[in-house]
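Colleague: Coordinates in my_file.txt, compact mmCIF, C-alpha atoms, are listed below.
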```
# COMPACT_ATOMS: atom_id res chain seq x y z
CA MET A 105 -24.81 -103.04 -74.72
CA ALA A 106 -27.22 -102.74 -71.80
CA ASP A 107 -28.02 -106.44 -72.09
CA SER A 108 -24.31 -107.26 -72.04
CA LEU A 109 -23.79 -105.23 -68.87
CA THR A 110 -26.80 -106.83 -67.21
CA SER A 111 -25.57 -110.28 -68.23
CA LEU A 112 -22.10 -109.50 -66.85
CA ARG A 113 -23.57 -108.32 -63.56
CA ASN A 114 -25.74 -111.40 -63.23
CA GLN A 115 -23.13 -113.97 -64.28
CA VAL A 116 -20.04 -112.79 -62.40
CA CYS A 117 -19.84 -114.12 -58.85
CA TYR A 118 -17.30 -115.16 -56.25
CA CYS A 119 -15.79 -118.64 -56.12
CA ARG A 120 -17.21 -120.43 -53.11
CA VAL A 121 -13.78 -121.93 -52.34
CA CYS A 122 -11.27 -119.09 -52.77
CA HIS A 123 -13.46 -115.97 -53.22
CA ASN A 124 -11.89 -115.08 -56.58
CA ILE A 125 -14.24 -113.72 -59.24
CA CYS A 126 -15.63 -116.23 -61.72
CA ASP A 127 -18.69 -117.06 -63.78
CA SER A 128 -19.53 -120.35 -62.05
CA ASP A 129 -19.73 -121.78 -58.55
CA ILE A 130 -16.02 -122.66 -58.52
CA CYS A 131 -13.32 -120.72 -60.40
CA ASP A 132 -11.08 -122.29 -63.03
CA ILE A 133 -8.06 -122.23 -60.70
CA CYS A 134 -9.80 -124.14 -57.89
CA ALA A 135 -11.36 -126.56 -60.38
CA SER A 136 -8.08 -127.36 -62.14
CA PRO A 137 -6.67 -130.80 -61.31
CA SER A 138 -3.20 -129.60 -62.36
CA ARG A 139 -2.97 -127.13 -59.45
CA ASP A 140 -1.16 -128.10 -56.21
CA ALA A 141 -3.92 -128.31 -53.59
CA SER A 142 -1.36 -128.59 -50.77
CA GLN A 143 -0.48 -124.88 -51.12
CA VAL A 144 -2.86 -121.98 -50.51
CA CYS A 145 -1.61 -118.48 -51.26
CA VAL A 146 -3.45 -115.83 -49.24
CA VAL A 147 -3.86 -112.49 -51.03
CA GLU A 148 -5.72 -109.26 -50.31
CA ASN A 149 -7.66 -108.94 -53.55
CA ILE A 150 -8.34 -110.28 -57.01
CA GLN A 151 -5.67 -108.05 -58.58
CA ASP A 152 -3.06 -109.86 -56.46
CA VAL A 153 -4.20 -113.21 -57.90
CA MET A 154 -3.75 -111.83 -61.42
CA ALA A 155 -0.30 -110.44 -60.57
CA ILE A 156 0.91 -113.77 -59.18
CA GLU A 157 -0.63 -115.71 -62.07
CA ASN A 158 1.19 -113.43 -64.53
CA THR A 159 4.52 -114.63 -63.11
CA GLN A 160 3.71 -118.22 -64.14
CA GLN A 161 5.75 -119.35 -61.12
CA TYR A 162 3.02 -120.50 -58.73
CA ARG A 163 0.95 -123.65 -59.30
CA GLY A 164 -0.99 -123.81 -56.02
CA LEU A 165 -4.39 -122.44 -55.04
CA TYR A 166 -5.44 -119.05 -53.70
CA HIS A 167 -7.56 -117.53 -50.97
CA VAL A 168 -8.75 -113.95 -51.49
CA LEU A 169 -9.35 -112.10 -48.21
CA GLY A 170 -11.18 -109.15 -49.73
CA GLY A 171 -8.91 -106.62 -48.01
CA ILE A 172 -6.68 -106.35 -44.96
CA ILE A 173 -7.28 -105.54 -41.32
CA SER A 174 -7.36 -101.75 -40.98
CA PRO A 175 -8.87 -100.35 -37.77
CA MET A 176 -8.50 -96.79 -39.13
CA ASP A 177 -10.79 -97.75 -42.02
CA GLY A 178 -13.16 -99.76 -39.83
CA VAL A 179 -12.06 -103.12 -41.28
CA GLY A 180 -11.72 -105.92 -38.75
CA PRO A 181 -11.05 -109.65 -39.10
CA SER A 182 -14.77 -110.44 -39.31
CA ASP A 183 -15.04 -108.23 -42.41
CA LEU A 184 -12.58 -110.43 -44.29
CA GLN A 185 -12.59 -114.04 -45.49
CA ILE A 186 -10.38 -115.23 -42.64
CA ALA A 187 -12.89 -117.60 -41.02
CA SER A 188 -13.35 -119.43 -44.33
CA LEU A 189 -9.55 -119.69 -44.66
CA VAL A 190 -9.29 -121.28 -41.22
CA GLU A 191 -12.06 -123.70 -42.15
CA ARG A 192 -10.40 -124.47 -45.49
CA VAL A 193 -7.05 -125.21 -43.84
CA GLN A 194 -8.69 -127.95 -41.76
CA SER A 195 -8.54 -130.10 -44.92
CA PRO A 196 -5.74 -132.68 -44.73
CA GLU A 197 -4.74 -131.70 -48.29
CA VAL A 198 -3.46 -128.28 -47.23
CA LYS A 199 0.16 -128.41 -46.05
CA GLU A 200 1.28 -124.79 -46.54
CA VAL A 201 -0.34 -121.37 -46.36
CA ILE A 202 1.65 -118.66 -48.13
CA LEU A 203 0.96 -115.12 -46.94
CA ALA A 204 1.31 -112.80 -49.95
CA LEU A 205 0.14 -109.60 -48.32
CA SER A 206 1.31 -106.01 -48.65
CA SER A 207 4.38 -105.06 -46.66
CA THR A 208 2.50 -102.38 -44.77
CA MET A 209 1.60 -102.17 -41.10
CA GLU A 210 -1.94 -103.34 -41.96
CA GLY A 211 -0.62 -106.18 -44.14
CA ASP A 212 1.74 -107.32 -41.38
CA ALA A 213 -1.05 -107.14 -38.79
CA THR A 214 -3.30 -109.21 -41.04
CA GLY A 215 -0.54 -111.76 -41.56
CA PHE A 216 0.11 -111.98 -37.82
CA TYR A 217 -3.60 -112.41 -37.12
CA ILE A 218 -3.87 -115.21 -39.70
CA PHE A 219 -0.73 -116.87 -38.32
CA ARG A 220 -2.27 -116.85 -34.83
CA GLN A 221 -5.53 -118.33 -36.18
CA LEU A 222 -3.65 -121.13 -37.97
CA GLN A 223 -1.10 -121.94 -35.24
CA HIS A 224 -3.04 -124.91 -33.91
CA THR A 225 -3.64 -126.50 -37.33
CA GLY A 226 -0.15 -127.87 -37.90
CA VAL A 227 -0.03 -126.25 -41.34
CA ASN A 228 3.24 -124.59 -42.37
CA VAL A 229 2.65 -120.80 -42.60
CA THR A 230 5.14 -118.95 -44.79
CA ALA A 231 5.36 -115.45 -46.25
CA ILE A 232 6.65 -114.26 -49.58
CA ALA A 233 10.18 -112.89 -49.55
CA ARG A 234 10.61 -109.17 -49.04
CA GLY A 235 13.56 -106.95 -49.52
CA VAL A 236 15.56 -105.01 -52.02
CA ALA A 237 14.13 -105.09 -55.53
CA GLN A 238 16.18 -106.30 -58.47
CA ASN A 239 18.40 -103.51 -59.87
CA ASP A 240 17.80 -101.25 -56.84
CA GLU A 241 20.69 -99.36 -55.27
CA LEU A 242 21.12 -99.82 -51.52
CA GLN A 243 21.62 -96.11 -50.85
CA TYR A 244 18.04 -95.44 -52.04
CA THR A 245 16.43 -98.32 -50.14
CA ASP A 246 14.51 -97.43 -46.98
CA GLU A 247 15.71 -98.80 -43.65
CA VAL A 248 12.78 -101.16 -43.03
CA THR A 249 13.11 -102.82 -46.45
CA LEU A 250 16.88 -103.10 -46.10
CA GLY A 251 16.53 -104.51 -42.59
CA ARG A 252 14.05 -107.15 -43.79
CA ALA A 253 16.35 -108.04 -46.68
CA LEU A 254 19.24 -108.58 -44.24
CA ALA A 255 17.11 -110.62 -41.84
CA GLY A 256 15.70 -112.77 -44.67
CA ARG A 257 18.96 -113.36 -46.50
CA VAL A 258 19.45 -116.61 -48.42
CA PRO A 259 22.52 -118.66 -49.40
CA PHE A 260 24.44 -117.30 -52.38
CA ASN A 261 24.57 -119.92 -55.14
CA GLY A 262 26.54 -117.92 -57.69
```
Rewrite the structure of this file - the entire thing - as structure tokens.
Modeller:
Amino acid sequence: MADSLTSLRNQVCYCRVCHNICDSDICDICASPSRDASQVCVVENIQDVMAIENTQQYRGLYHVLGGIISPMDGVGPSDLQIASLVERVQSPEVKEVILALSSTMEGDATGFYIFRQLQHTGVNVTAIARGVAQNDELQYTDEVTLGRALAGRVPFNG
């Protein structure tokens, strides 16, 4: 068992492209030719990659920041993988960066910071939809969530 733990510790590393965990230089997602390289979904951590992958709805690539900007916790932009994201977006392949960050003050600040860093690149920066969850009742929804849902409304297609 000790050998297995040592082997695990020595073989698990971070993908040099997206910073996801893997057992080689490049993770299976980044190495897959079936993934859409024109889309990069920015997430806070590895658990977010797994959550999105479990939906089986997204076929693009990822970029794991390793956290979010949080001055109260001493985490600034230089502590995250933002510089490598900006460098990665310089590739002509990348057409869209999808911000899939927490809907917290820190998540919003991180998204705004990334947006400002990518403004000059010409890449389309989008964010995942936010709002009222399926099967939620409006009377129990907080004002910020309800306000975002109203502002981000979409056409009704029946």
Colleague: Can you pull out the residues contacting region 156-167 of chain A? Cut-off 12 Å, using all atoms listed in the file, and skip same-chain residues under 5 positions away; I want them as an mmCIF file with C-alpha atoms, keeping the file's coordinate frame.
Modeller:
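Final output, saved to out-v2.cif:
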```cif
data_model
loop_
_atom_site.group_PDB
_atom_site.id
_atom_site.type_symbol
_atom_site.label_atom_id
_atom_site.label_comp_id
_atom_site.auth_asym_id
_atom_site.auth_seq_id
_atom_site.Cartn_x
_atom_site.Cartn_y
_atom_site.Cartn_z
ATOM 1 C CA TYR A 118 -17.300 -115.160 -56.250
ATOM 2 C CA CYS A 119 -15.790 -118.640 -56.120
ATOM 3 C CA ARG A 120 -17.210 -120.430 -53.110
ATOM 4 C CA VAL A 121 -13.780 -121.930 -52.340
ATOM 5 C CA CYS A 122 -11.270 -119.090 -52.770
ATOM 6 C CA HIS A 123 -13.460 -115.970 -53.220
ATOM 7 C CA ASN A 124 -11.890 -115.080 -56.580
ATOM 8 C CA ILE A 125 -14.240 -113.720 -59.240
ATOM 9 C CA CYS A 131 -13.320 -120.720 -60.400
ATOM 10 C CA ASP A 132 -11.080 -122.290 -63.030
ATOM 11 C CA ILE A 133 -8.060 -122.230 -60.700
ATOM 12 C CA CYS A 134 -9.800 -124.140 -57.890
ATOM 13 C CA ALA A 135 -11.360 -126.560 -60.380
ATOM 14 C CA SER A 136 -8.080 -127.360 -62.140
ATOM 15 C CA PRO A 137 -6.670 -130.800 -61.310
ATOM 16 C CA SER A 138 -3.200 -129.600 -62.360
ATOM 17 C CA ARG A 139 -2.970 -127.130 -59.450
ATOM 18 C CA ASP A 140 -1.160 -128.100 -56.210
ATOM 19 C CA ALA A 141 -3.920 -128.310 -53.590
ATOM 20 C CA SER A 142 -1.360 -128.590 -50.770
ATOM 21 C CA GLN A 143 -0.480 -124.880 -51.120
ATOM 22 C CA VAL A 144 -2.860 -121.980 -50.510
ATOM 23 C CA CYS A 145 -1.610 -118.480 -51.260
ATOM 24 C CA VAL A 146 -3.450 -115.830 -49.240
ATOM 25 C CA VAL A 147 -3.860 -112.490 -51.030
ATOM 26 C CA GLU A 148 -5.720 -109.260 -50.310
ATOM 27 C CA ASN A 149 -7.660 -108.940 -53.550
ATOM 28 C CA ILE A 150 -8.340 -110.280 -57.010
ATOM 29 C CA GLN A 151 -5.670 -108.050 -58.580
ATOM 30 C CA LEU A 184 -12.580 -110.430 -44.290
ATOM 31 C CA GLN A 185 -12.590 -114.040 -45.490
ATOM 32 C CA ILE A 186 -10.380 -115.230 -42.640
ATOM 33 C CA ALA A 187 -12.890 -117.600 -41.020
ATOM 34 C CA SER A 188 -13.350 -119.430 -44.330
ATOM 35 C CA LEU A 189 -9.550 -119.690 -44.660
ATOM 36 C CA VAL A 190 -9.290 -121.280 -41.220
ATOM 37 C CA GLU A 191 -12.060 -123.700 -42.150
ATOM 38 C CA ARG A 192 -10.400 -124.470 -45.490
ATOM 39 C CA VAL A 193 -7.050 -125.210 -43.840
ATOM 40 C CA GLU A 197 -4.740 -131.700 -48.290
ATOM 41 C CA VAL A 198 -3.460 -128.280 -47.230
ATOM 42 C CA LYS A 199 0.160 -128.410 -46.050
ATOM 43 C CA GLU A 200 1.280 -124.790 -46.540
ATOM 44 C CA VAL A 201 -0.340 -121.370 -46.360
ATOM 45 C CA ILE A 202 1.650 -118.660 -48.130
ATOM 46 C CA LEU A 203 0.960 -115.120 -46.940
ATOM 47 C CA ALA A 204 1.310 -112.800 -49.950
ATOM 48 C CA LEU A 205 0.140 -109.600 -48.320
ATOM 49 C CA ILE A 232 6.650 -114.260 -49.580
#
```
Colleague: Record the distance separating CA of Ala213 (chain A) and CA of Ile173 (chain A), expressed in Å with one decimal.
Modeller: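 Going from CA of Ala213 (chain A) over to CA of Ile173 (chain A), I get 6.9 Å.
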Colleague: Which residue is closest to Gly171 (chain A)? Choose from A:Gly211, A:Asn261, A:Met154, A:Cys117 and count only C-alpha atoms.
Modeller: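 Of A:Gly211, A:Asn261, A:Met154, A:Cys117, the one nearest Gly171 (chain A) is A:Gly211, counting only C-alpha atoms.
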Colleague: I'd like the interatomic distance between CA of Val258 (chain A) and CA of Thr245 (chain A), to a tenth of an Å.
Modeller: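 So the answer is 18.6 Å.
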Colleague: Would you work out the distance separating CA of Leu254 (chain A) from CA of Asn239 (chain A), expressed in Å to one decimal?
Modeller: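 Going from CA of Leu254 (chain A) over to CA of Asn239 (chain A) covers 16.5 Å.
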Colleague: Can you work out which one of A:Thr214, A:Thr230, A:Asn114, A:Gln194 has the shortest atom-to-atom distance to Ser128 (chain A), counting all atoms listed in the file?
Modeller: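 Of A:Thr214, A:Thr230, A:Asn114, A:Gln194, the one nearest Ser128 (chain A) is A:Asn114, counting all atoms listed in the file.
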Colleague: With only C-alpha atoms as the basis for distance, which of A:Gln243, A:Asp212, A:Gly235, A:Asp152 is at the shortest distance from Gly256 (chain A)?
Modeller: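 Using only C-alpha atoms, the shortest distance to Gly256 (chain A) belongs to A:Gly235.
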Colleague: Give the answer as one residue: which of A:Asp129, A:Ser207, A:Gly251, A:Tyr244 has the shortest atom-to-atom distance to Ala231 (chain A), using all atoms listed in the file?
Modeller: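 Of A:Asp129, A:Ser207, A:Gly251, A:Tyr244, the one nearest Ala231 (chain A) is A:Ser207, counting all atoms listed in the file.
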Colleague: Between A:Ser182, A:Ala106, A:Val116, A:Asp177, which has the minimum distance to Ile218 (chain A) (counting all atoms listed in the file)?
Modeller: A:Ser182
Colleague: Have a look at A:Arg234, A:Asn228, A:Gln221, A:Gly178 and name the one nearest to Val248 (chain A); count all atoms listed in the file.
Modeller: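 Of the candidates, the smallest distance to Val248 (chain A) is held by A:Arg234.
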Colleague: Padding 4 Å on each side, edges along x, y and z: where is the centre of the box around the listed atoms of region 214-219 of chain A, and how long are its edges in Å to one decimal? Output it as JSON.
Modeller:
```
{"center_x": -1.9, "center_y": -113.0, "center_z": -39.3, "size_x": 12.0, "size_y": 15.7, "size_z": 12.4}
```
